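Okay, start.cif is below, mmCIF, C-alpha atoms:
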data_protein
loop_
_atom_site.label_atom_id
_atom_site.label_comp_id
_atom_site.auth_asym_id
_atom_site.auth_seq_id
_atom_site.Cartn_x
_atom_site.Cartn_y
_atom_site.Cartn_z
CA ALA A 1 6.78 -29.04 5.31
CA ILE A 2 8.18 -32.56 4.99
CA ASN A 3 11.11 -31.77 7.22
CA ILE A 4 8.81 -30.21 9.81
CA ALA A 5 6.60 -33.30 9.92
CA ALA A 6 9.53 -35.69 10.21
CA ILE A 7 11.42 -33.71 12.82
CA SER A 8 8.28 -33.04 14.86
CA GLY A 9 7.41 -36.74 14.94
CA ILE A 10 10.89 -37.69 16.13
CA TYR A 11 10.95 -34.90 18.69
CA LEU A 12 7.62 -35.82 20.24
CA SER A 13 8.52 -39.50 20.34
CA VAL A 14 11.84 -38.86 22.04
CA ALA A 15 10.21 -36.42 24.44
CA MET A 16 7.66 -38.97 25.61
CA LEU A 17 10.35 -41.59 26.25
CA ILE A 18 11.71 -39.56 29.16
CA PRO A 19 8.60 -39.84 31.39
CA ALA A 20 8.13 -43.44 30.24
CA PHE A 21 11.58 -44.46 31.51
CA ILE A 22 10.98 -42.52 34.74
CA ASP A 23 7.76 -44.48 35.18
CA VAL A 24 9.42 -47.87 34.66
CA TYR A 25 12.36 -47.33 36.97
CA TYR A 26 10.77 -45.25 39.72
CA GLY A 27 7.18 -46.47 39.62
CA HIS A 28 5.52 -43.31 40.93
CA PRO A 29 6.47 -40.22 38.91
CA ASP A 30 5.14 -36.75 39.46
CA SER A 31 1.63 -36.49 38.03
CA GLU A 32 2.62 -33.77 35.56
CA VAL A 33 5.28 -36.04 34.06
CA PHE A 34 2.79 -38.88 33.94
CA PHE A 35 0.31 -36.67 32.08
CA LEU A 36 2.94 -35.81 29.47
CA SER A 37 3.73 -39.46 28.88
CA ALA A 38 0.05 -40.32 28.67
CA PHE A 39 -0.74 -37.46 26.31
CA PHE A 40 1.80 -38.58 23.74
CA THR A 41 0.54 -42.17 23.87
CA GLY A 42 -2.95 -41.11 22.80
CA GLY A 43 -5.70 -43.33 24.16
CA LEU A 44 -3.75 -44.25 27.29
CA SER A 45 -4.10 -40.73 28.67
CA LEU A 46 -7.17 -41.09 30.89
CA ALA A 47 -6.19 -44.55 32.15
CA THR A 48 -2.67 -43.40 32.99
CA ALA A 49 -3.85 -40.25 34.71
CA ALA A 50 -6.33 -42.21 36.80
CA ALA A 51 -3.69 -44.75 37.72
CA THR A 52 -1.36 -41.99 38.86
CA ARG A 53 -3.91 -40.50 41.20
CA ALA A 54 -4.72 -43.92 42.62
CA GLY A 55 -1.09 -44.97 43.07
CA PRO A 56 1.62 -46.55 40.90
CA PRO A 57 0.36 -49.15 38.39
CA PRO A 58 1.77 -52.70 38.36
CA PHE A 59 5.17 -53.16 36.77
CA ASN A 60 3.77 -55.10 33.78
CA LYS A 61 1.45 -52.20 32.91
CA ARG A 62 4.31 -49.71 33.18
CA MET A 63 6.33 -51.91 30.84
CA GLY A 64 3.37 -51.90 28.44
CA PHE A 65 3.42 -48.10 28.32
CA LEU A 66 7.15 -48.20 27.60
CA VAL A 67 6.74 -50.73 24.77
CA VAL A 68 4.08 -48.51 23.12
CA ASN A 69 6.45 -45.55 23.30
CA LEU A 70 9.34 -47.53 21.81
CA LEU A 71 7.16 -48.82 18.95
CA TRP A 72 5.98 -45.30 18.18
CA LEU A 73 9.53 -43.97 18.15
CA SER A 74 10.63 -46.74 15.78
CA ALA A 75 7.71 -46.05 13.43
CA CYS A 76 8.48 -42.33 13.35
CA ILE A 77 12.16 -42.93 12.58
CA ILE A 78 11.43 -45.48 9.84
CA GLY A 79 8.72 -43.32 8.33
CA ALA A 80 10.89 -40.21 8.38
CA ILE A 81 13.79 -41.73 6.39
CA PRO A 82 12.12 -41.61 2.94
CA LEU A 83 10.72 -38.18 3.74
CA TRP A 84 14.19 -36.83 4.46
CA LEU A 85 15.66 -38.50 1.35
CA SER A 86 12.95 -37.07 -0.89
CA SER A 87 13.42 -33.53 0.41
CA MET A 88 17.19 -33.18 0.72
CA LYS A 89 17.17 -30.39 -1.90
CA LEU A 90 15.14 -28.15 0.40
CA THR A 91 16.41 -26.48 3.52
CA PHE A 92 14.24 -26.40 6.63
CA ALA A 93 13.36 -22.72 6.13
CA GLN A 94 12.63 -23.15 2.43
CA ALA A 95 10.27 -26.05 3.09
CA PHE A 96 8.48 -24.14 5.84
CA PHE A 97 7.86 -20.92 3.92
CA GLU A 98 6.91 -22.78 0.74
CA SER A 99 4.33 -24.73 2.76
CA VAL A 100 2.84 -21.57 4.29
CA SER A 101 2.64 -19.95 0.86
CA ALA A 102 1.06 -23.01 -0.75
CA ILE A 103 -1.81 -23.32 1.74
CA SER A 104 -2.31 -19.65 2.51
CA THR A 105 -6.09 -19.95 2.00
CA THR A 106 -6.51 -23.11 4.10
CA ASP A 107 -7.96 -22.89 7.61
CA LEU A 108 -7.43 -25.33 10.49
CA LEU A 109 -10.11 -27.07 12.57
CA VAL A 110 -9.20 -29.02 15.73
CA ALA A 111 -11.87 -31.09 17.52
CA ASP A 112 -11.28 -31.45 21.26
CA MET A 113 -13.23 -34.16 23.06
CA HIS A 114 -11.26 -34.11 26.32
CA SER A 115 -12.49 -30.64 27.30
CA ASP A 116 -15.97 -32.18 27.60
CA MET A 117 -14.92 -34.91 30.03
CA TRP A 118 -16.10 -32.99 33.09
CA ALA A 119 -19.44 -34.83 33.35
CA PRO A 120 -19.50 -37.96 35.59
CA TYR A 121 -21.06 -41.08 34.08
CA GLN A 122 -24.02 -40.85 36.48
CA PHE A 123 -24.98 -37.50 34.94
CA ASP A 124 -28.04 -37.51 32.65
CA GLY A 125 -26.85 -34.75 30.30
CA VAL A 126 -29.40 -32.16 31.43
CA GLY A 127 -27.72 -28.76 31.49
CA ILE A 128 -25.23 -29.36 28.68
CA GLU A 129 -24.54 -26.09 26.85
CA GLU A 130 -23.16 -27.36 23.57
CA GLY A 131 -21.93 -24.04 22.19
CA ALA A 132 -20.44 -22.80 25.45
CA ARG A 133 -16.76 -22.69 26.38
CA TYR A 134 -15.51 -22.63 29.97
CA PRO A 135 -12.33 -21.25 31.59
CA THR A 136 -11.36 -24.49 33.38
CA VAL A 137 -11.88 -28.24 32.93
CA LEU A 138 -14.46 -28.58 35.71
CA ALA A 139 -16.03 -25.10 35.57
CA ARG A 140 -19.39 -26.32 34.25
CA ALA A 141 -19.40 -29.23 36.69
CA VAL A 142 -18.96 -26.72 39.52
CA GLU A 143 -21.88 -24.64 38.19
CA LEU A 144 -24.11 -27.73 38.15
CA GLY A 145 -23.02 -28.90 41.59
CA LEU A 146 -21.20 -31.96 40.22
CA ALA A 147 -17.80 -30.82 41.54
CA THR A 148 -16.48 -28.37 44.09
CA PRO A 149 -14.31 -25.32 43.36
CA GLU A 150 -11.49 -26.95 45.31
CA GLU A 151 -11.69 -30.07 43.14
CA ASP A 152 -11.47 -27.86 40.06
CA ARG A 153 -8.41 -26.03 41.41
CA ALA A 154 -6.78 -29.31 42.50
CA PHE A 155 -7.26 -30.89 39.07
CA THR A 156 -5.79 -27.84 37.35
CA ARG A 157 -2.84 -27.85 39.75
CA GLU A 158 -2.13 -31.60 39.50
CA ALA A 159 -2.38 -31.59 35.71
CA GLY A 160 -0.01 -28.65 35.45
CA ILE A 161 -2.52 -26.66 33.37
CA ARG A 162 -1.82 -23.00 32.72
CA GLU A 163 -5.31 -21.69 32.15
CA GLU A 164 -4.16 -18.55 30.34
CA GLU A 165 -2.46 -20.72 27.69
CA VAL A 166 -5.28 -23.23 27.10
CA ILE A 167 -8.54 -23.18 25.16
CA PHE A 168 -10.99 -25.67 26.60
CA GLY A 169 -12.96 -26.69 23.53
CA SER A 170 -12.68 -27.16 19.79
CA THR A 171 -10.78 -24.53 17.82
CA LEU A 172 -11.15 -23.13 14.31
CA TYR A 173 -8.15 -21.16 13.13
CA ARG A 174 -9.07 -18.90 10.21
CA ASN A 175 -6.14 -18.15 7.95
CA LEU A 176 -5.46 -14.41 7.76
CA GLY A 177 -2.52 -14.82 5.39
CA GLY A 178 1.14 -14.19 6.01
CA GLY A 179 1.36 -17.09 8.45
CA ARG A 180 -1.21 -15.52 10.85
CA PHE A 181 -4.38 -17.21 12.14
CA GLU A 182 -7.44 -16.11 14.12
CA GLU A 183 -9.31 -18.48 16.48
CA CYS A 184 -13.05 -18.20 15.77
CA ALA A 185 -14.72 -21.54 16.63
CA GLN A 186 -17.50 -20.12 18.79
CA ARG A 187 -18.33 -17.32 16.38
CA ALA A 188 -18.45 -19.82 13.51
CA GLY A 189 -20.65 -22.31 15.40
CA PHE A 190 -18.02 -25.04 15.63
CA GLU A 191 -18.20 -25.64 19.39
CA THR A 192 -19.89 -29.05 19.78
CA TYR A 193 -20.02 -31.63 22.58
CA TRP A 194 -17.91 -34.82 22.75
CA PRO A 195 -16.48 -34.49 19.20
CA TRP A 196 -14.19 -37.25 17.89
CA GLY A 197 -13.55 -37.15 14.17
CA ILE A 198 -13.67 -34.42 11.52
CA VAL A 199 -15.10 -35.40 8.13
CA GLU A 200 -15.12 -32.44 5.76
CA GLY A 201 -16.85 -32.40 2.40
CA ASP A 202 -19.24 -30.32 0.31
CA TYR A 203 -22.30 -32.41 1.13
CA ASP A 204 -24.86 -30.08 -0.43
CA GLY A 205 -22.78 -29.15 -3.50
CA ASP A 206 -22.97 -25.38 -2.98
CA GLY A 207 -19.20 -24.86 -3.26
CA SER A 208 -18.48 -24.51 0.48
CA LEU A 209 -17.01 -27.21 2.69
CA ASP A 210 -19.32 -28.68 5.33
CA VAL A 211 -18.21 -30.80 8.29
CA PHE A 212 -19.57 -34.00 9.83
CA ILE A 213 -18.37 -34.57 13.40
CA PRO A 214 -18.87 -38.07 14.92
CA SER A 215 -19.65 -37.58 18.60
CA GLY A 216 -20.59 -39.31 21.84
CA MET A 217 -18.96 -41.31 24.60
CA GLY A 218 -21.00 -44.50 24.92
CA TYR A 219 -21.43 -46.71 27.96
CA PRO A 220 -21.79 -45.81 30.82
CA PHE A 221 -22.37 -42.19 29.79
CA PHE A 222 -25.50 -40.57 28.35
CA TYR A 223 -26.21 -40.29 24.61
CA TRP A 224 -25.04 -37.32 22.55
CA ARG A 225 -25.71 -36.90 18.84
CA SER A 226 -23.18 -36.33 16.08
CA ALA A 227 -23.16 -32.98 14.30
CA LEU A 228 -23.49 -32.14 10.61
CA LEU A 229 -22.34 -28.54 10.28
CA ARG A 230 -23.57 -26.89 7.08
CA ASN A 231 -21.43 -24.05 5.79
CA ARG A 232 -23.45 -20.93 5.06
CA GLY A 233 -20.56 -19.61 2.97
CA ASN A 234 -20.05 -16.58 5.21
CA GLY A 235 -17.89 -18.10 7.97
CA VAL A 236 -20.85 -19.43 10.00
CA PHE A 237 -22.05 -23.06 10.30
CA ASP A 238 -25.44 -24.52 11.27
CA ASP A 239 -26.01 -27.98 12.75
CA VAL A 240 -28.48 -29.69 10.39
CA CYS A 241 -28.15 -33.29 11.63
CA GLY A 242 -31.90 -33.44 12.27
CA PRO A 243 -33.17 -32.05 8.94
CA ALA A 244 -30.51 -34.09 7.10
CA GLY A 245 -31.86 -37.33 8.61
CA LEU A 246 -28.86 -38.19 10.80
CA PHE A 247 -30.83 -37.78 14.03
CA PRO A 248 -32.40 -39.74 15.59
CA PRO A 249 -30.01 -42.56 14.60
CA PRO A 250 -31.23 -45.87 13.16
CA GLY A 251 -32.18 -48.25 15.94
CA GLY A 252 -32.53 -45.46 18.48
CA THR A 253 -30.10 -43.64 20.73
CA HIS A 254 -29.23 -46.75 22.80
CA SER A 255 -28.23 -50.28 21.87
CA GLU A 256 -30.58 -53.22 22.28
CA THR A 257 -28.36 -55.03 24.79
CA ALA A 258 -27.85 -54.02 28.41
CA PHE A 259 -24.83 -54.27 30.67
CA ARG A 260 -25.38 -54.36 34.44
CA GLY A 261 -28.97 -53.40 33.83
CA LYS A 262 -28.14 -50.32 31.73
CA ARG A 263 -28.45 -50.01 27.94
CA ALA A 264 -25.38 -48.51 26.30
CA ALA A 265 -25.73 -45.15 24.60
CA ARG A 266 -24.66 -45.25 20.96
CA SER A 267 -21.46 -43.36 20.19
CA SER A 268 -19.94 -42.48 16.81
CA ARG A 269 -16.15 -42.34 16.82
CA SER A 270 -14.78 -42.02 13.27
CA GLY A 271 -16.07 -41.33 9.81
CA ALA A 272 -15.00 -40.99 6.19
CA THR A 273 -16.57 -39.61 3.03
CA LEU A 274 -16.79 -40.98 -0.49
CA ASP A 275 -19.34 -41.09 -3.30
CA PHE A 276 -20.20 -44.76 -2.75
CA ASP A 277 -22.96 -44.96 -5.36
CA GLY A 278 -21.35 -42.71 -7.98
CA ASP A 279 -24.22 -40.21 -8.21
CA GLY A 280 -22.05 -37.12 -7.71
CA ARG A 281 -22.98 -36.61 -4.05
CA LEU A 282 -20.69 -37.35 -1.14
CA ASP A 283 -21.88 -40.09 1.24
CA ILE A 284 -20.63 -40.71 4.78
CA VAL A 285 -19.59 -43.96 6.46
CA VAL A 286 -19.42 -43.92 10.27
CA ASN A 287 -17.75 -46.35 12.65
CA ASN A 288 -19.58 -46.61 15.98
CA PHE A 289 -18.17 -47.69 19.32
CA ASN A 290 -19.04 -51.33 20.10
CA ASP A 291 -21.80 -51.21 17.51
CA ARG A 292 -22.48 -51.70 13.82
CA ALA A 293 -21.26 -49.18 11.24
CA TRP A 294 -23.54 -46.79 9.38
CA LEU A 295 -23.49 -45.77 5.72
CA TRP A 296 -25.34 -42.51 5.22
CA ARG A 297 -26.40 -42.18 1.57
CA ASN A 298 -26.65 -38.59 0.40
CA VAL A 299 -30.06 -37.90 -1.18
CA SER A 300 -29.88 -34.11 -1.20
CA PRO A 301 -30.79 -32.29 -4.45
CA GLU A 302 -28.26 -32.87 -7.23
CA ARG A 303 -25.93 -30.03 -8.17
CA PRO A 304 -23.02 -29.71 -10.63
CA TRP A 305 -19.75 -31.12 -9.37
CA CYS A 306 -16.20 -31.93 -10.41
CA ARG A 307 -13.58 -34.34 -9.09
CA VAL A 308 -9.82 -34.28 -9.44
CA ARG A 309 -7.50 -37.25 -9.00
CA LEU A 310 -3.75 -36.53 -8.97
CA VAL A 311 -0.95 -38.84 -10.11
CA GLU A 312 2.50 -37.76 -8.97
CA THR A 313 5.49 -38.72 -11.15
CA ARG A 314 8.45 -37.13 -9.37
CA GLY A 315 7.94 -38.72 -5.97
CA ARG A 316 5.23 -40.85 -4.38
CA ARG A 317 2.24 -41.48 -6.66
CA ASP A 318 -0.35 -40.50 -4.05
CA ALA A 319 0.51 -36.75 -4.27
CA ILE A 320 0.03 -36.27 -0.53
CA GLY A 321 0.61 -32.60 0.26
CA ALA A 322 -0.48 -31.27 -3.15
CA VAL A 323 -2.72 -28.19 -3.14
CA VAL A 324 -5.45 -27.90 -5.78
CA ARG A 325 -7.33 -24.72 -6.65
CA LEU A 326 -10.39 -25.03 -8.87
CA THR A 327 -12.06 -21.98 -10.42
CA ALA A 328 -15.67 -22.18 -11.64
CA GLY A 329 -18.18 -19.38 -12.11
CA GLY A 330 -15.52 -16.87 -11.09
CA ARG A 331 -15.10 -18.51 -7.68
CA THR A 332 -11.97 -20.37 -6.54
CA GLN A 333 -12.00 -23.30 -4.11
CA THR A 334 -8.94 -24.83 -2.45
CA ARG A 335 -8.38 -28.46 -1.46
CA LEU A 336 -5.39 -30.23 0.06
CA VAL A 337 -4.55 -33.86 -0.75
CA GLN A 338 -3.95 -35.41 2.66
CA SER A 339 -3.74 -38.77 4.35
CA ALA A 340 -5.36 -37.49 7.55
CA GLY A 341 -9.10 -37.81 7.92
CA GLY A 342 -10.03 -37.18 11.52
CA TYR A 343 -9.95 -39.81 14.24
CA LEU A 344 -8.78 -43.26 13.00
CA ALA A 345 -10.03 -42.66 9.46
CA GLN A 346 -9.04 -41.53 5.99
CA SER A 347 -11.36 -40.37 3.25
CA SER A 348 -10.77 -40.69 -0.49
CA SER A 349 -7.77 -38.79 -1.86
CA THR A 350 -9.83 -37.94 -4.96
CA LEU A 351 -10.83 -34.30 -4.42
CA HIS A 352 -14.51 -33.40 -4.70
CA PHE A 353 -15.69 -29.89 -5.63
CA GLY A 354 -19.30 -28.80 -5.54
CA LEU A 355 -19.83 -26.13 -8.21
CA GLY A 356 -22.91 -24.46 -6.77
CA GLY A 357 -24.59 -22.59 -9.62
CA ALA A 358 -21.70 -23.01 -12.08
CA THR A 359 -21.91 -25.62 -14.82
CA ALA A 360 -18.35 -25.50 -16.20
CA VAL A 361 -14.82 -25.38 -14.78
CA GLU A 362 -12.58 -22.55 -15.93
CA LYS A 363 -9.26 -23.90 -14.69
CA VAL A 364 -7.49 -26.05 -12.11
CA GLU A 365 -4.14 -25.13 -10.57
CA VAL A 366 -2.05 -27.82 -8.88
CA ARG A 367 0.86 -27.08 -6.57
CA TRP A 368 2.65 -30.43 -6.48
CA PRO A 369 4.51 -31.59 -3.34
CA GLY A 370 7.83 -30.83 -5.04
CA GLY A 371 6.80 -27.19 -5.52
CA ASN A 372 5.94 -27.22 -9.24
CA LEU A 373 2.83 -25.32 -10.34
CA GLN A 374 0.66 -26.80 -13.09
CA THR A 375 -2.40 -25.15 -14.67
CA VAL A 376 -5.01 -27.24 -16.50
CA THR A 377 -7.93 -25.74 -18.45
CA ASP A 378 -9.51 -28.79 -20.11
CA VAL A 379 -11.29 -29.96 -16.95
CA LYS A 380 -14.84 -31.27 -17.24
CA ALA A 381 -17.69 -31.06 -14.76
CA GLY A 382 -19.60 -34.20 -13.73
CA VAL A 383 -16.63 -36.57 -14.10
CA VAL A 384 -13.42 -37.59 -12.34
CA ASN A 385 -10.52 -35.73 -13.99
CA THR A 386 -7.11 -37.41 -13.67
CA ILE A 387 -4.24 -34.92 -13.70
CA THR A 388 -0.71 -36.33 -14.04
CA GLU A 389 2.31 -34.36 -12.94
CA PRO A 390 4.44 -33.48 -16.01
CA PRO A 391 7.88 -35.12 -16.15
CA GLU A 392 10.99 -33.08 -15.43
#
Can you dump the structure from the file as structure tokens?
Amino acid sequence: AINIAAISGIYLSVAMLIPAFIDVYYGHPDSEVFFLSAFFTGGLSLATAAATRAGPPPFNKRMGFLVVNLLWLSACIIGAIPLWLSSMKLTFAQAFFESVSAISTTDLLVADMHSDMWAPYQFDGVGIEEGARYPTVLARAVELGLATPEEDRAFTREAGIREEEVIFGSTLYRNLGGGRFEECAQRAGFETYWPWGIVEGDYDGDGSLDVFIPSGMGYPFFYWRSALLRNRGNGVFDDVCGPAGLFPPPGGTHSETAFRGKRAARSSRSGATLDFDGDGRLDIVVNNFNDRAWLWRNVSPERPWCRVRLVETRGRRDAIGAVVRLTAGGRTQTRLVQSAGGYLAQSSSTLHFGLGGATAVEKVEVRWPGGNLQTVTDVKAGVVNTITEPPE
């Protein structure tokens, strides 16, 4: 898994340098090449694409794109060196199959905001079908009379999109085991509008992971709420942002100040979760676009819980990549220690488990990043349990 991450980062960085150099030296690359370069430089994508359609950008801006690419490549190379050194005992295939085996019960959720960028800023949001998924980027805009079929076909053609290979919307890949996944976002209720981050946590303590999704675009677009998706425990999620008190937002849906006579719609971009007040319930902190941050304190009914903090001794102390399985009341939950936390955020690496109706923990199994399996039975509920990797 380490080798895959390192090699993939280098590969993508090198790949994006090609269109960047073409841009600098030729000034007006093919739009498909420009889209590739923009995609791998993250937030520059829309600006770059727009510049391509309007004509070549100034030389200083093209040089700026190149500098970003070079910095990213350098960071990937520097960051990959310790990863390679720490995993030289594993072959590429061994690392891959060990990773698949270790997280065989972990699913994958991908939030896609760009598929919802079909609405022009003059649009008021009436007609948005939040749970719907469309076959092309501008399909819904065509249905609402905001774009023509020819504009939809032209955009698809210029962007080099192969519609049969693309899902326009968020995706939830359910792990079927054996390295196989099933896409089920719509069936599970995960298709939301303008999603940015993904903040998972058992917010109601029932033993199933819920998901908070910061959403919205901000000025000059219309307002769209964030989603709090409560896990029913049967593969289906319900948006409970209203009953949970997250909507309407504090201060209203729009900011107090106006720009060019128009008040800016509030937009949540990133979030993280942590028990800020130590009461055993996960709280949520949200960073909003051009606005103050929010700290949502969890006041839902208290339920039994358990937390696990890992200390690695054979590598890095943060235990990134470790897989923890906790069994309580005959039910096993799986968590992955990770540094990722959605868009521009990272939650606590201390793992939180809601125990539902159970009051005691039977055992905790830890698959450490180096591959060692450790089983601990003296784990207590209602406290943070520190588990240290045994020495070699």
Resolved residues for the PyMOL selection byres ((chain A and resi 352-363) around 6) as a ChimeraX atom specification: /A:205-207,304-307,327-329,351,364,376-377,381
Keeping only C-alpha atoms, take the residues you just selected and write them out as a compact mmCIF listing (two decimals), in the frame of the given file.
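again_7.txt written:
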# COMPACT_ATOMS: atom_id res chain seq x y z
CA GLY A 205 -22.78 -29.15 -3.50
CA ASP A 206 -22.97 -25.38 -2.98
CA GLY A 207 -19.20 -24.86 -3.26
CA PRO A 304 -23.02 -29.71 -10.63
CA TRP A 305 -19.75 -31.12 -9.37
CA CYS A 306 -16.20 -31.93 -10.41
CA ARG A 307 -13.58 -34.34 -9.09
CA THR A 327 -12.06 -21.98 -10.42
CA ALA A 328 -15.67 -22.18 -11.64
CA GLY A 329 -18.18 -19.38 -12.11
CA LEU A 351 -10.83 -34.30 -4.42
CA VAL A 364 -7.49 -26.05 -12.11
CA VAL A 376 -5.01 -27.24 -16.50
CA THR A 377 -7.93 -25.74 -18.45
CA ALA A 381 -17.69 -31.06 -14.76
Closest of A:Thr388, A:Ser226, A:Ser348, A:Thr257 to A:Phe212 - atom-to-atom distances counting only C-alpha atoms: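 Smallest distance to A:Phe212 is found for A:Ser226.
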Neighbour residues at most 10 Å from (-18.8, -20.5, 18.8) (all atoms listed in the file) as number ranges by chain: A: 130-133, 169-172, 183-192, 236-237
Separation of atom CA of A:Ser208 from atom CA of A:Arg317, in Å and rounded to one decimal: 27.7 Å
Selection near A:Glu392, 10 Å with all atoms listed in the file, sequence-local residues under 5 positions removed, as a VMD selection string: chain A and resid 313 to 314 372
Shortest interatomic distance to A:Arg230 - which of A:Ile387, A:Ala141, A:Leu295, A:Ala244, counting all atoms listed in the file: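 Answer, going by the shortest atom-to-atom distance: A:Ala244.
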Answer key for the PyMOL selection byres ((chain A and resi 262) around 12), residues as a count of residues only: 18
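We find atom CA of A:Trp194 and atom CA of A:Cys241 to be spaced 15.2 Å apart.
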Selected residue of minimal separation from A:Arg266 among A:Val308, A:Ala293, A:Val240, A:Ala345, counting all atoms listed in the file: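 Among the listed residues, the smallest separation from A:Arg266 belongs to A:Ala293.
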Selected residue of minimal separation from A:Arg335 among A:Ala319, A:Phe276, A:Thr106, A:Leu228, counting only C-alpha atoms: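 Looking only at the distances to A:Arg335, the closest residue turns out to be A:Thr106.
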Nearest to A:Pro369, chosen from A:Val324, A:Leu229, A:Ala340, A:Val383, with only C-alpha atoms counted in the distances: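 Checking each candidate against A:Pro369, we get A:Val324 as the closest.
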Long-range neighbours of A:Ala154 as a ChimeraX atom specification, 12 Å cut-off, all atoms listed in the file, 4 positions minimum in chain: /A:31,53,136-138,147-150,158-161
Atom CA of A:Pro243 to atom CA of A:Val299, straight-line distance in Å: 12.1 Å
